[in-house]
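Chemist: The structure that follows is given in the form of structure tokens.
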Amino acid sequence: MQTVTSLDMLRTALAGLRADGARIALVPTMGALHEGHLTLVRRARAEADHVVASIFVNPRQFGPNEDLDAYPRQPAADAAMLEAEGVSLLWTPGPEAMYPAGFATTVSVAGVSEGLCGAARPGHFDGVATVVLKLFNQVAPDMAFFGEKDFQQLAVIRTMARDLDLTRPHVDAIIGVPTVREADGLAMSSRNRYLSPGQRTAAAALPRAMREAIAGIEGGAQVAGVLLQLEAGIIAAGFSSVDYAALADARSLAPLAALGPEPARLLVAARIGDTRLIDNMPVGPARR
Ligand code: PAF
């Protein structure tokens, strides 16, 4: 695995990988890698000739009171894991390589960015869309892999790809990979390491309560009532607050008052201590 830190090095390395028409997959990350990221890499390896992984803790997607400085960083361990998974090229730009002096452009995806996490984290999805479009332009991959754990992020990126006529990777080549979970059901996240042992145990109540809510909704219970019960259950389990618990159309993320024929998703963000956890699951007969 080659590691590159400047755009010039990246371009030279990519030209070498592409020489024989090889197909390239991109796995963008912010590091602090766990099994969820490695699952993305394995999927990417199965579908492309070469995997390019990026590690960049993107300041533009953190709000002023968020955890940018505290965000876990473990570059050597991350590189070793990526190398062991057969990644060909690791792109780790510093902030000045990604946002040189005078950088002035923001990509903003209306609608799908606005509710849910977008409401609680103003500017977050602008930061995500801007850096992901830059990564797509820098690497020009044939396909890119993202976790469904960040379901709204995936919807924002797909909308951007469609709206801006991205051809590499076009919207169908943005591949969402199902969430990887711990044995007790908690969705894997780099932020889980912030949890104390007591909080970590309590956190498993989140996916459990979501599964119960889904059973209720699929069984015909009134959605608003189920969502209120879900919020109460999450608080009773030891969470300090619930940012949102919503049933939404799986593509537009518009709120749904009842299950219809289109794929639906249950999405939750809740705080336990200072840590904000998110999770989402498919709802409905088709379960997609
Ligand atoms: O999901 C993430 O880790 C980040 O939001 C991403 C897609 C790498 C953009 O910074």
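Going through the structure tokens in order, the chains are called A, B, and so on, while each chain numbers its residues from 1 and the ligands are numbered from 1 in the order shown.
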Which residues are near ligand 1 in this structure, taking near to mean any atom at most 7 Å from a ligand atom and counting only C-alpha atoms and all ligand atoms? Format them as a list in words.
Modeler: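 Those within range of ligand 1 are Pro28, Thr29, Met30, Phe56, Val57, Asn58, Val128, Val131, Val132, Phe146 and Asp150 of chain A.
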Chemist: Show me a table, sorted first by chain and then by increasing residue number, of the residues of range 42-85 of chain A having an atom at most 7 Å from range 91-115 of chain A, each with its shortest atom pair and the distance in Å to one decimal, counting only C-alpha atoms and written as CSV.
Modeler:
residue,atom,partner,partner_atom,distance
A:Ala53,CA,A:Trp91,CA,6.2
A:Ser54,CA,A:Trp91,CA,4.6
A:Ile55,CA,A:Thr92,CA,5.0
A:Phe56,CA,A:Thr92,CA,5.9
Chemist: Tell me which of A:Gly220, A:Pro141, A:Gly273, A:Gly118 sits closest to Gly260 in chain A, counting only C-alpha atoms.
Modeler: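 The shortest atom-to-atom distance to Gly260 in chain A comes from A:Gly220.
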Chemist: Which neighbours of range 172-178 of chain A fall inside 12 Å, counting only C-alpha atoms, when residues of the same chain fewer than 4 positions from it are skipped, and could you give them as an NGL selection string?
Modeler: :A and (23-28 or 36-44 or 47-48 or 132 or 136 or 140-162 or 165-168 or 187-188 or 279-282 or 288)
Chemist: Enumerate as a ChimeraX atom specification all residues of range 16-172 of chain A assigned to helix (DSSP H, G or I) by DSSP on the backbone, naming them with the chain letters and numbers the document uses.
Modeler: /A:16-18,35-47,59-61,75-84,95-98,116-120,124-139,151-163,171-172
Chemist: Pull C-alpha atoms from the residues just selected and write them as a short mmCIF file (atom, residue, chain, number, x, y, z; two decimals), in the first residue's frame.
Modeler:
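For reference, part-v3.cif as written:
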data_model
loop_
_atom_site.label_atom_id
_atom_site.label_comp_id
_atom_site.auth_asym_id
_atom_site.auth_seq_id
_atom_site.Cartn_x
_atom_site.Cartn_y
_atom_site.Cartn_z
CA GLY A 16 0.06 3.96 -12.20
CA LEU A 17 -2.97 2.08 -10.86
CA ARG A 18 -5.07 2.95 -13.91
CA GLU A 35 -15.05 -3.25 11.46
CA GLY A 36 -17.72 -1.12 9.73
CA HIS A 37 -15.06 0.66 7.63
CA LEU A 38 -13.26 -2.62 6.93
CA THR A 39 -16.53 -4.06 5.63
CA LEU A 40 -16.68 -1.17 3.15
CA VAL A 41 -13.12 -1.94 2.05
CA ARG A 42 -13.91 -5.65 1.60
CA ARG A 43 -16.98 -4.83 -0.54
CA ALA A 44 -14.89 -2.41 -2.56
CA ARG A 45 -12.17 -5.00 -3.09
CA ALA A 46 -14.73 -7.53 -4.28
CA GLU A 47 -16.03 -5.13 -6.94
CA PRO A 59 -13.14 20.37 9.72
CA ARG A 60 -15.96 21.72 7.54
CA GLN A 61 -18.43 19.09 8.73
CA PRO A 75 -3.07 7.10 11.80
CA ALA A 76 -0.57 4.25 12.22
CA ALA A 77 -3.19 1.71 13.33
CA ASP A 78 -5.55 2.83 10.53
CA ALA A 79 -2.84 2.44 7.88
CA ALA A 80 -1.95 -1.04 9.16
CA MET A 81 -5.60 -2.14 9.00
CA LEU A 82 -6.04 -0.80 5.46
CA GLU A 83 -2.84 -2.45 4.29
CA ALA A 84 -3.95 -5.78 5.79
CA PRO A 95 -6.21 20.48 5.91
CA GLU A 96 -4.01 22.82 3.81
CA ALA A 97 -3.93 20.34 0.90
CA MET A 98 -7.73 19.99 1.00
CA LEU A 116 -33.03 15.11 10.95
CA CYS A 117 -29.25 15.53 11.55
CA GLY A 118 -29.26 18.60 9.28
CA ALA A 119 -31.57 20.40 11.71
CA ALA A 120 -29.43 19.55 14.75
CA HIS A 124 -22.76 19.63 8.59
CA PHE A 125 -24.01 18.25 5.27
CA ASP A 126 -22.60 21.22 3.35
CA GLY A 127 -19.22 20.21 4.76
CA VAL A 128 -19.80 16.57 3.84
CA ALA A 129 -21.01 17.32 0.29
CA THR A 130 -18.12 19.73 -0.33
CA VAL A 131 -15.41 17.32 0.77
CA VAL A 132 -16.98 14.29 -0.93
CA LEU A 133 -17.26 16.15 -4.25
CA LYS A 134 -13.60 17.14 -3.87
CA LEU A 135 -12.62 13.53 -3.14
CA PHE A 136 -14.59 12.35 -6.19
CA ASN A 137 -12.81 14.92 -8.36
CA GLN A 138 -9.38 14.16 -6.89
CA VAL A 139 -9.60 10.37 -7.21
CA PHE A 151 -28.13 7.14 6.01
CA GLN A 152 -28.86 10.84 5.53
CA GLN A 153 -25.26 11.41 4.39
CA LEU A 154 -25.70 8.68 1.77
CA ALA A 155 -28.95 10.30 0.55
CA VAL A 156 -27.23 13.70 0.35
CA ILE A 157 -24.32 12.28 -1.66
CA ARG A 158 -26.64 10.41 -4.05
CA THR A 159 -28.71 13.55 -4.59
CA MET A 160 -25.56 15.57 -5.26
CA ALA A 161 -24.32 12.97 -7.76
CA ARG A 162 -27.64 13.04 -9.60
CA ASP A 163 -28.04 16.81 -9.57
CA VAL A 171 -25.40 7.84 -8.69
CA ASP A 172 -25.67 4.06 -9.27
#
Chemist: Go ahead and compute the interatomic distance for CA of Gly63 in chain A and CA of Thr201 in chain A, in Å to one decimal.
Modeler: 27.9 Å
Chemist: Near Gly219 in chain A, within 12 Å and counting only C-alpha atoms, which residues show up once chain neighbours fewer than 6 positions away are dropped, as a list in words?
Modeler: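 Those residues are Glu212, Ala213, Val226, Ala258, Leu259, Val283, Gly284 and Pro285 of chain A.
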Chemist: Quick one, how far is CA of Ile278 in chain A from CA of Glu231 in chain A?
Modeler: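 Straight-line distance from CA of Ile278 in chain A to CA of Glu231 in chain A works out to 13.2 Å.
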Chemist: CA of Ala70 in chain A and CA of Val87 in chain A, how far apart in Å?
Modeler: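 Computed distance, CA of Val87 in chain A to CA of Ala70 in chain A, equals 26.9 Å.
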Chemist: Residues of range 69-262 of chain A classed as strand (DSSP E or B) by DSSP on the backbone are to be reported as a count of residues only.
Modeler: 24
Chemist: Which residue out of A:Arg191, A:Val268, A:Arg251, A:Ile217 has the minimum interatomic distance to Ala32 in chain A when only C-alpha atoms are used?
Modeler: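 Nearest candidate to Ala32 in chain A out of A:Arg191, A:Val268, A:Arg251, A:Ile217: A:Arg191.
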